[in-house]
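*Asks:* File upload.cif follows (mmCIF, C-alpha atoms and all ligand atoms):
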data_structure
loop_
_atom_site.group_PDB
_atom_site.id
_atom_site.type_symbol
_atom_site.label_atom_id
_atom_site.label_comp_id
_atom_site.auth_asym_id
_atom_site.auth_seq_id
_atom_site.Cartn_x
_atom_site.Cartn_y
_atom_site.Cartn_z
ATOM 1 C CA MET Y 1 10.087 29.830 39.775
ATOM 2 C CA SER Y 2 10.007 27.570 42.753
ATOM 3 C CA ILE Y 3 11.036 23.949 42.502
ATOM 4 C CA LEU Y 4 7.514 22.897 43.401
ATOM 5 C CA ILE Y 5 5.939 24.738 40.452
ATOM 6 C CA LEU Y 6 8.619 23.386 38.132
ATOM 7 C CA LEU Y 7 7.932 19.852 39.289
ATOM 8 C CA LEU Y 8 4.207 20.396 38.820
ATOM 9 C CA LEU Y 9 4.741 21.611 35.250
ATOM 10 C CA VAL Y 10 6.933 18.612 34.461
ATOM 11 C CA LEU Y 11 4.256 16.328 35.884
ATOM 12 C CA ILE Y 12 1.505 17.960 33.817
ATOM 13 C CA PHE Y 13 3.645 17.720 30.686
ATOM 14 C CA ALA Y 14 4.385 14.029 31.320
ATOM 15 C CA LEU Y 15 0.694 13.354 31.901
ATOM 16 C CA ALA Y 16 -0.252 15.111 28.669
ATOM 17 C CA VAL Y 17 2.333 13.104 26.680
ATOM 18 C CA TRP Y 18 1.089 9.871 28.238
ATOM 19 C CA MET Y 19 -2.551 10.663 27.397
ATOM 20 C CA ILE Y 20 -1.690 11.539 23.802
ATOM 21 C CA TYR Y 21 0.340 8.330 23.497
ATOM 22 C CA ARG Y 22 -2.546 6.228 24.851
ATOM 23 C CA SER Y 23 -5.167 7.748 22.601
ATOM 24 C CA PHE Y 24 -2.873 7.338 19.595
ATOM 25 C CA LYS Y 25 -2.111 3.751 20.494
ATOM 26 C CA THR Y 26 -5.772 2.736 20.834
ATOM 27 C CA SER Y 27 -7.047 4.721 17.891
ATOM 28 C CA VAL Y 28 -4.407 3.310 15.569
ATOM 29 C CA ARG Y 29 -5.184 -0.297 16.470
ATOM 30 C CA TYR Y 30 -8.903 -0.661 15.846
ATOM 31 C CA SER Y 31 -10.878 2.495 15.931
ATOM 32 C CA ILE Y 32 -13.771 3.138 13.575
ATOM 33 C CA PRO Y 33 -13.350 0.916 10.531
ATOM 34 C CA LYS Y 34 -12.832 2.761 7.250
ATOM 35 C CA GLY Y 35 -15.486 2.415 4.549
ATOM 36 C CA THR Y 36 -19.117 3.302 4.004
ATOM 37 C CA GLN Y 37 -21.331 3.181 7.041
ATOM 38 C CA ILE Y 38 -24.377 1.040 6.195
ATOM 39 C CA TYR Y 39 -25.912 0.793 9.657
ATOM 40 C CA GLY Y 40 -25.814 2.903 12.794
ATOM 41 C CA ASP Y 41 -27.988 4.958 15.095
ATOM 42 C CA LEU Y 42 -28.000 8.034 12.876
ATOM 43 C CA ILE Y 43 -28.909 6.260 9.640
ATOM 44 C CA SER Y 44 -30.954 3.242 10.755
ATOM 45 C CA GLU Y 45 -33.498 4.843 13.102
ATOM 46 C CA GLY Y 46 -33.058 2.102 15.680
ATOM 47 C CA LYS Y 47 -33.874 -0.708 13.274
ATOM 48 C CA ILE Y 48 -33.160 -4.105 14.788
ATOM 49 C CA LEU Y 49 -31.193 -6.510 12.579
ATOM 50 C CA ARG Y 50 -32.423 -10.077 12.419
ATOM 51 C CA SER Y 51 -31.385 -13.571 11.425
ATOM 52 C CA ASN Y 52 -34.557 -15.346 10.368
ATOM 53 C CA ARG Y 53 -32.715 -18.630 10.108
ATOM 54 C CA TYR Y 54 -31.574 -18.647 13.743
ATOM 55 C CA ALA Y 55 -34.179 -16.269 15.246
ATOM 56 C CA LEU Y 56 -31.476 -13.929 16.526
ATOM 57 C CA THR Y 57 -31.670 -10.178 16.701
ATOM 58 C CA GLY Y 58 -29.033 -7.516 17.246
ATOM 59 C CA LYS Y 59 -28.331 -3.817 17.190
ATOM 60 C CA PRO Y 60 -24.675 -3.115 16.514
ATOM 61 C CA ASP Y 61 -23.550 0.458 17.103
ATOM 62 C CA LYS Y 62 -22.254 0.645 13.576
ATOM 63 C CA VAL Y 63 -21.720 -1.506 10.480
ATOM 64 C CA VAL Y 64 -19.238 -0.456 7.841
ATOM 65 C CA MET Y 65 -18.856 -1.836 4.333
ATOM 66 C CA SER Y 66 -15.461 -1.688 2.686
ATOM 67 C CA GLY Y 67 -15.226 -3.428 -0.687
ATOM 68 C CA ARG Y 68 -16.377 -7.003 -0.094
ATOM 69 C CA GLN Y 69 -15.972 -6.694 3.647
ATOM 70 C CA VAL Y 70 -18.693 -5.908 6.176
ATOM 71 C CA ILE Y 71 -17.424 -4.974 9.655
ATOM 72 C CA PRO Y 72 -19.654 -4.627 12.741
ATOM 73 C CA TYR Y 73 -18.591 -2.195 15.416
ATOM 74 C CA GLU Y 74 -19.692 -2.177 19.059
ATOM 75 C CA TYR Y 75 -18.914 0.506 21.612
ATOM 76 C CA LYS Y 76 -19.003 -0.105 25.352
ATOM 77 C CA THR Y 77 -18.898 2.680 27.885
ATOM 78 C CA THR Y 78 -17.020 0.531 30.401
ATOM 79 C CA ASP Y 79 -13.327 -0.257 30.618
ATOM 80 C CA ALA Y 80 -11.862 -3.686 29.990
ATOM 81 C CA ASP Y 81 -8.310 -4.860 29.455
ATOM 82 C CA ARG Y 82 -9.545 -7.788 27.377
ATOM 83 C CA PRO Y 83 -12.769 -8.551 25.495
ATOM 84 C CA ARG Y 84 -15.467 -9.807 27.853
ATOM 85 C CA GLU Y 85 -17.040 -13.117 26.990
ATOM 86 C CA GLY Y 86 -20.603 -11.798 26.809
ATOM 87 C CA HIS Y 87 -19.516 -9.011 24.488
ATOM 88 C CA MET Y 88 -17.696 -11.489 22.249
ATOM 89 C CA LEU Y 89 -20.871 -13.566 22.044
ATOM 90 C CA GLN Y 90 -22.789 -10.419 21.183
ATOM 91 C CA MET Y 91 -20.334 -9.880 18.334
ATOM 92 C CA GLY Y 92 -20.888 -13.520 17.319
ATOM 93 C CA VAL Y 93 -24.611 -12.761 17.022
ATOM 94 C CA TYR Y 94 -23.768 -9.861 14.694
ATOM 95 C CA PHE Y 95 -21.593 -12.149 12.572
ATOM 96 C CA ILE Y 96 -24.452 -14.633 12.154
ATOM 97 C CA ILE Y 97 -26.978 -11.922 11.320
ATOM 98 C CA LEU Y 98 -24.726 -10.085 8.866
ATOM 99 C CA GLU Y 99 -23.726 -13.277 7.087
ATOM 100 C CA GLU Y 100 -27.392 -13.967 6.467
ATOM 101 C CA MET Y 101 -28.073 -10.381 5.382
ATOM 102 C CA TYR Y 102 -25.059 -10.137 3.076
ATOM 103 C CA PRO Y 103 -24.429 -13.645 1.674
ATOM 104 C CA ASP Y 104 -22.109 -12.339 -1.058
ATOM 105 C CA LYS Y 105 -19.894 -10.378 1.388
ATOM 106 C CA ILE Y 106 -17.206 -11.363 3.865
ATOM 107 C CA ILE Y 107 -17.449 -10.593 7.576
ATOM 108 C CA PRO Y 108 -13.841 -11.258 8.663
ATOM 109 C CA TYR Y 109 -13.952 -9.588 12.082
ATOM 110 C CA GLY Y 110 -15.715 -7.047 14.261
ATOM 111 C CA VAL Y 111 -14.403 -4.216 16.398
ATOM 112 C CA LEU Y 112 -15.221 -4.191 20.100
ATOM 113 C CA ARG Y 113 -14.300 -0.894 21.605
ATOM 114 C CA TYR Y 114 -14.198 -0.146 25.317
ATOM 115 C CA ARG Y 115 -13.555 3.297 26.772
ATOM 116 C CA GLU Y 116 -9.788 2.953 26.621
ATOM 117 C CA GLN Y 117 -9.045 0.141 24.208
ATOM 118 C CA ALA Y 118 -10.437 -1.510 21.122
ATOM 119 C CA PHE Y 119 -10.137 -5.163 20.159
ATOM 120 C CA ARG Y 120 -10.479 -7.076 16.938
ATOM 121 C CA ILE Y 121 -12.817 -10.046 17.343
ATOM 122 C CA ASP Y 122 -12.285 -12.588 14.576
ATOM 123 C CA ASN Y 123 -15.287 -14.226 12.980
ATOM 124 C CA THR Y 124 -14.574 -17.887 13.668
ATOM 125 C CA PRO Y 125 -16.769 -21.022 13.554
ATOM 126 C CA ARG Y 126 -16.058 -21.355 17.301
ATOM 127 C CA ILE Y 127 -17.621 -18.051 18.266
ATOM 128 C CA LYS Y 128 -20.695 -18.728 16.124
ATOM 129 C CA SER Y 129 -21.214 -22.234 17.495
ATOM 130 C CA ALA Y 130 -20.914 -20.837 21.042
ATOM 131 C CA VAL Y 131 -23.694 -18.353 20.213
ATOM 132 C CA LEU Y 132 -25.931 -21.053 18.735
ATOM 133 C CA GLU Y 133 -25.289 -23.368 21.671
ATOM 134 C CA ILE Y 134 -26.389 -20.706 24.142
ATOM 135 C CA ALA Y 135 -29.359 -19.788 21.966
ATOM 136 C CA ASN Y 136 -30.418 -23.452 22.011
ATOM 137 C CA GLN Y 137 -30.069 -23.610 25.781
ATOM 138 C CA ILE Y 138 -32.178 -20.491 26.181
ATOM 139 C CA ARG Y 139 -34.842 -21.943 23.910
ATOM 140 C CA GLY Y 140 -35.097 -24.928 26.178
ATOM 141 C CA ASN Y 141 -33.497 -27.648 24.041
ATOM 142 C CA TYR Y 142 -31.136 -28.523 26.882
ATOM 143 C CA GLY Y 143 -32.970 -27.075 29.846
ATOM 144 C CA VAL Y 144 -33.760 -23.435 30.556
ATOM 145 C CA PRO Y 145 -31.284 -21.330 32.523
ATOM 146 C CA VAL Y 146 -32.916 -19.207 35.216
ATOM 147 C CA ARG Y 147 -33.139 -15.482 34.493
ATOM 148 C CA ASN Y 148 -30.938 -13.623 36.972
ATOM 149 C CA HIS Y 149 -32.405 -10.117 36.688
ATOM 150 C CA THR Y 150 -35.708 -8.220 36.563
ATOM 151 C CA SER Y 151 -34.713 -5.580 34.032
ATOM 152 C CA SER Y 152 -36.980 -5.386 30.983
ATOM 153 C CA GLY Y 153 -34.450 -2.963 29.475
ATOM 154 C CA LYS Y 154 -31.884 -5.739 29.513
ATOM 155 C CA CYS Y 155 -34.296 -8.035 27.685
ATOM 156 C CA PHE Y 156 -35.114 -5.299 25.171
ATOM 157 C CA LYS Y 157 -31.478 -5.072 24.143
ATOM 158 C CA CYS Y 158 -30.879 -8.824 24.300
ATOM 159 C CA SER Y 159 -30.064 -10.690 21.088
ATOM 160 C CA PHE Y 160 -31.901 -13.798 22.293
ATOM 161 C CA LYS Y 161 -35.206 -12.171 23.200
ATOM 162 C CA ASP Y 162 -37.143 -13.648 20.279
ATOM 163 C CA GLY Y 163 -36.514 -17.189 21.413
ATOM 164 C CA CYS Y 164 -36.329 -16.623 25.150
ATOM 165 C CA VAL Y 165 -39.246 -17.984 27.161
ATOM 166 C CA GLN Y 166 -38.247 -15.837 30.161
ATOM 167 C CA SER Y 167 -38.053 -12.528 28.322
ATOM 168 C CA LEU Y 168 -39.724 -9.661 30.206
ATOM 169 C CA ILE Y 169 -40.918 -7.768 27.146
ATOM 170 C CA ARG Y 170 -43.594 -9.981 25.676
HETATM 171 S S1 LIG Y 201 -34.437 -12.001 26.779
HETATM 172 FE FE1 LIG Y 201 -34.053 -11.322 28.882
HETATM 173 S S2 LIG Y 201 -34.258 -13.172 30.140
HETATM 174 FE FE2 LIG Y 201 -34.011 -13.832 28.023
HETATM 175 S S3 LIG Y 201 -31.828 -14.198 27.760
HETATM 176 FE FE3 LIG Y 201 -32.215 -12.079 27.101
HETATM 177 S S4 LIG Y 201 -31.860 -10.835 28.915
HETATM 178 FE FE4 LIG Y 201 -32.053 -12.947 29.643
#
Mind turning the file's structure into structure tokens?
Ligand code: SF4

*Replies:*
Amino acid sequence: MSILILLLLVLIFALAVWMIYRSFKTSVRYSIPKGTQIYGDLISEGKILRSNRYALTGKPDKVVMSGRQVIPYEYKTTDADRPREGHMLQMGVYFIILEEMYPDKIIPYGVLRYREQAFRIDNTPRIKSAVLEIANQIRGNYGVPVRNHTSSGKCFKCSFKDGCVQSLIR
């Protein structure tokens, strides 16, 4: 066997070990939460979740109930080495909605999963007040930010569409 082939085999082996290590590392941290799935594409038929109190809507990829805990789960097809701010706010919307839907349960955190890594997003008063602040801005209490796109699909998926005066899907 030539040296070149040997080196190639060693390289392939090292790559395989690295890939297994990475997938193990990310799946052990925060993959799909354990428990009973109570919401998700396959069982909810696209139903949009809603907070009547704050006029917020959301569509998490999955919600799992485990004992007294309710955990939202969001999957992004992009890569990120840290949670993106907009995605954290999206998780904050889910926290607000789920707290209203399940007043006798606890929503301690959500799981935000990117292609390579998953992150635990804690349900804190800070994240929820940031969501409500932005929702108020969008509704015009403090001036209306200018829409920066022309995509009705974006508005369709947006958690603020019910209160947004610039939504493209009315
Ligand atoms: S509904 Fe559309 S315009 Fe309004 S905040 Fe959402 S994405 Fe932007």

*Asks:* What does the distance from atom CA of Y:Ile12 to atom CA of Y:Asp79 come to in Å, to one decimal?

*Replies:*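 These atoms are spaced 23.7 Å apart.
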
*Asks:* Just say which residues the PyMOL selection byres (((not hetatm)) within 10 of (chain Y and resi 201)) picks in this file, as a PyMOL selection string.

*Replies:* chain Y and resi 134-135+137-139+144-170

*Asks:* Can you list what the PyMOL selection byres (((chain Y and resi 40) around 12) and not hetatm) grabs from this structure, as a PDB file with C-alpha atoms, keeping the file's coordinate frame?

*Replies:*
ATOM      1  CA  THR Y  36     -19.117   3.302   4.004  1.00  0.00           C
ATOM      2  CA  GLN Y  37     -21.331   3.181   7.041  1.00  0.00           C
ATOM      3  CA  ILE Y  38     -24.377   1.040   6.195  1.00  0.00           C
ATOM      4  CA  TYR Y  39     -25.912   0.793   9.657  1.00  0.00           C
ATOM      5  CA  ASP Y  41     -27.988   4.958  15.095  1.00  0.00           C
ATOM      6  CA  LEU Y  42     -28.000   8.034  12.876  1.00  0.00           C
ATOM      7  CA  ILE Y  43     -28.909   6.260   9.640  1.00  0.00           C
ATOM      8  CA  SER Y  44     -30.954   3.242  10.755  1.00  0.00           C
ATOM      9  CA  GLU Y  45     -33.498   4.843  13.102  1.00  0.00           C
ATOM     10  CA  GLY Y  46     -33.058   2.102  15.680  1.00  0.00           C
ATOM     11  CA  LYS Y  47     -33.874  -0.708  13.274  1.00  0.00           C
ATOM     12  CA  ILE Y  48     -33.160  -4.105  14.788  1.00  0.00           C
ATOM     13  CA  LEU Y  49     -31.193  -6.510  12.579  1.00  0.00           C
ATOM     14  CA  GLY Y  58     -29.033  -7.516  17.246  1.00  0.00           C
ATOM     15  CA  LYS Y  59     -28.331  -3.817  17.190  1.00  0.00           C
ATOM     16  CA  PRO Y  60     -24.675  -3.115  16.514  1.00  0.00           C
ATOM     17  CA  ASP Y  61     -23.550   0.458  17.103  1.00  0.00           C
ATOM     18  CA  LYS Y  62     -22.254   0.645  13.576  1.00  0.00           C
ATOM     19  CA  VAL Y  63     -21.720  -1.506  10.480  1.00  0.00           C
ATOM     20  CA  VAL Y  64     -19.238  -0.456   7.841  1.00  0.00           C
ATOM     21  CA  MET Y  65     -18.856  -1.836   4.333  1.00  0.00           C
ATOM     22  CA  ILE Y  71     -17.424  -4.974   9.655  1.00  0.00           C
ATOM     23  CA  PRO Y  72     -19.654  -4.627  12.741  1.00  0.00           C
ATOM     24  CA  TYR Y  73     -18.591  -2.195  15.416  1.00  0.00           C
ATOM     25  CA  GLU Y  74     -19.692  -2.177  19.059  1.00  0.00           C
ATOM     26  CA  TYR Y  75     -18.914   0.506  21.612  1.00  0.00           C
TER      27      TYR Y  75
END

*Asks:* Would you mind reading off the distance between atom CA of Y:Ala130 and atom CA of Y:Gly86, one decimal, in Å?

*Replies:* 10.7 Å

*Asks:* Running the PyMOL selection byres (((chain Y and resi 101-115) around 6) and not hetatm) on this model by hand, what would come out? Give it as an NGL selection string.

*Replies:* :Y and (68-79 or 98-100 or 116-123)

*Asks:* Any idea what the distance is between atom CA of Y:Lys34 and atom CA of Y:Met91?

*Replies:* 18.4 Å

*Asks:* Tell me which protein, DNA and RNA residues are within 9 Å of Y:Val93, counting only C-alpha atoms, leaving out same-chain ones fewer than 5 positions away, and put them as a PDB file with C-alpha atoms, in the coordinates of the input.

*Replies:*
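Saved file result20.pdb follows:
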ATOM      1  CA  SER Y  51     -31.385 -13.571  11.425  1.00  0.00           C
ATOM      2  CA  LEU Y  56     -31.476 -13.929  16.526  1.00  0.00           C
ATOM      3  CA  THR Y  57     -31.670 -10.178  16.701  1.00  0.00           C
ATOM      4  CA  GLY Y  58     -29.033  -7.516  17.246  1.00  0.00           C
ATOM      5  CA  MET Y  88     -17.696 -11.489  22.249  1.00  0.00           C
ATOM      6  CA  LEU Y  98     -24.726 -10.085   8.866  1.00  0.00           C
ATOM      7  CA  ILE Y 127     -17.621 -18.051  18.266  1.00  0.00           C
ATOM      8  CA  LYS Y 128     -20.695 -18.728  16.124  1.00  0.00           C
ATOM      9  CA  VAL Y 131     -23.694 -18.353  20.213  1.00  0.00           C
ATOM     10  CA  LEU Y 132     -25.931 -21.053  18.735  1.00  0.00           C
ATOM     11  CA  SER Y 159     -30.064 -10.690  21.088  1.00  0.00           C
TER      12      SER Y 159
END

*Asks:* Add whatever atoms are absent from stretch 50-80 of chain Y to reach N, CA and C atoms, and provide the output as a compact mmCIF listing (two decimals), in the frame of the given file.

*Replies:*
# COMPACT_ATOMS: atom_id res chain seq x y z
N ARG Y 50 -31.85 -8.78 12.06
CA ARG Y 50 -32.42 -10.08 12.42
C ARG Y 50 -31.87 -11.20 11.55
N SER Y 51 -31.64 -12.34 12.17
CA SER Y 51 -31.38 -13.57 11.42
C SER Y 51 -32.65 -14.40 11.51
N ASN Y 52 -33.33 -14.54 10.37
CA ASN Y 52 -34.56 -15.35 10.37
C ASN Y 52 -34.23 -16.81 10.57
N ARG Y 53 -33.08 -17.22 10.03
CA ARG Y 53 -32.72 -18.63 10.11
C ARG Y 53 -32.53 -19.07 11.56
N TYR Y 54 -31.87 -18.25 12.36
CA TYR Y 54 -31.57 -18.65 13.74
C TYR Y 54 -32.41 -17.89 14.78
N ALA Y 55 -33.34 -17.07 14.33
CA ALA Y 55 -34.18 -16.27 15.25
C ALA Y 55 -33.32 -15.49 16.23
N LEU Y 56 -32.33 -14.78 15.69
CA LEU Y 56 -31.48 -13.93 16.53
C LEU Y 56 -31.66 -12.48 16.09
N THR Y 57 -31.58 -11.59 17.05
CA THR Y 57 -31.67 -10.18 16.70
C THR Y 57 -30.48 -9.44 17.30
N GLY Y 58 -30.15 -8.29 16.72
CA GLY Y 58 -29.03 -7.52 17.25
C GLY Y 58 -29.09 -6.08 16.77
N LYS Y 59 -28.37 -5.25 17.51
CA LYS Y 59 -28.33 -3.82 17.19
C LYS Y 59 -26.91 -3.32 17.36
N PRO Y 60 -26.05 -3.62 16.38
CA PRO Y 60 -24.68 -3.12 16.51
C PRO Y 60 -24.66 -1.59 16.50
N ASP Y 61 -23.64 -1.01 17.11
CA ASP Y 61 -23.55 0.46 17.10
C ASP Y 61 -23.28 0.98 15.70
N LYS Y 62 -22.60 0.18 14.92
CA LYS Y 62 -22.25 0.64 13.58
C LYS Y 62 -21.89 -0.57 12.72
N VAL Y 63 -22.21 -0.50 11.42
CA VAL Y 63 -21.72 -1.51 10.48
C VAL Y 63 -21.14 -0.75 9.29
N VAL Y 64 -19.94 -1.15 8.92
CA VAL Y 64 -19.24 -0.46 7.84
C VAL Y 64 -18.96 -1.45 6.72
N MET Y 65 -19.18 -1.00 5.48
CA MET Y 65 -18.86 -1.84 4.33
C MET Y 65 -17.64 -1.25 3.64
N SER Y 66 -16.68 -2.12 3.38
CA SER Y 66 -15.46 -1.69 2.69
C SER Y 66 -15.13 -2.73 1.64
N GLY Y 67 -15.41 -2.43 0.37
CA GLY Y 67 -15.23 -3.43 -0.69
C GLY Y 67 -16.14 -4.61 -0.42
N ARG Y 68 -15.56 -5.80 -0.35
CA ARG Y 68 -16.38 -7.00 -0.09
C ARG Y 68 -16.56 -7.28 1.40
N GLN Y 69 -15.94 -6.44 2.21
CA GLN Y 69 -15.97 -6.69 3.65
C GLN Y 69 -17.08 -5.90 4.35
N VAL Y 70 -17.72 -6.57 5.32
CA VAL Y 70 -18.69 -5.91 6.18
C VAL Y 70 -18.20 -6.07 7.62
N ILE Y 71 -18.03 -4.95 8.32
CA ILE Y 71 -17.42 -4.97 9.65
C ILE Y 71 -18.39 -4.38 10.69
N PRO Y 72 -18.84 -5.19 11.65
CA PRO Y 72 -19.65 -4.63 12.74
C PRO Y 72 -18.77 -3.96 13.79
N TYR Y 73 -19.34 -3.00 14.45
CA TYR Y 73 -18.59 -2.19 15.42
C TYR Y 73 -19.47 -2.00 16.64
N GLU Y 74 -18.92 -2.29 17.82
CA GLU Y 74 -19.69 -2.18 19.06
C GLU Y 74 -18.91 -1.35 20.06
N TYR Y 75 -19.57 -0.38 20.66
CA TYR Y 75 -18.91 0.51 21.61
C TYR Y 75 -19.48 0.27 23.01
N LYS Y 76 -18.59 0.08 23.96
CA LYS Y 76 -19.00 -0.10 25.35
C LYS Y 76 -18.49 1.06 26.18
N THR Y 77 -19.31 1.51 27.10
CA THR Y 77 -18.90 2.68 27.88
C THR Y 77 -18.02 2.28 29.07
N THR Y 78 -17.85 0.99 29.28
CA THR Y 78 -17.02 0.53 30.40
C THR Y 78 -15.57 0.34 29.94
N ASP Y 79 -14.72 0.07 30.92
CA ASP Y 79 -13.33 -0.26 30.62
C ASP Y 79 -13.13 -1.75 30.67
N ALA Y 80 -12.22 -2.27 29.88
CA ALA Y 80 -11.86 -3.69 29.99
C ALA Y 80 -10.47 -3.84 29.38
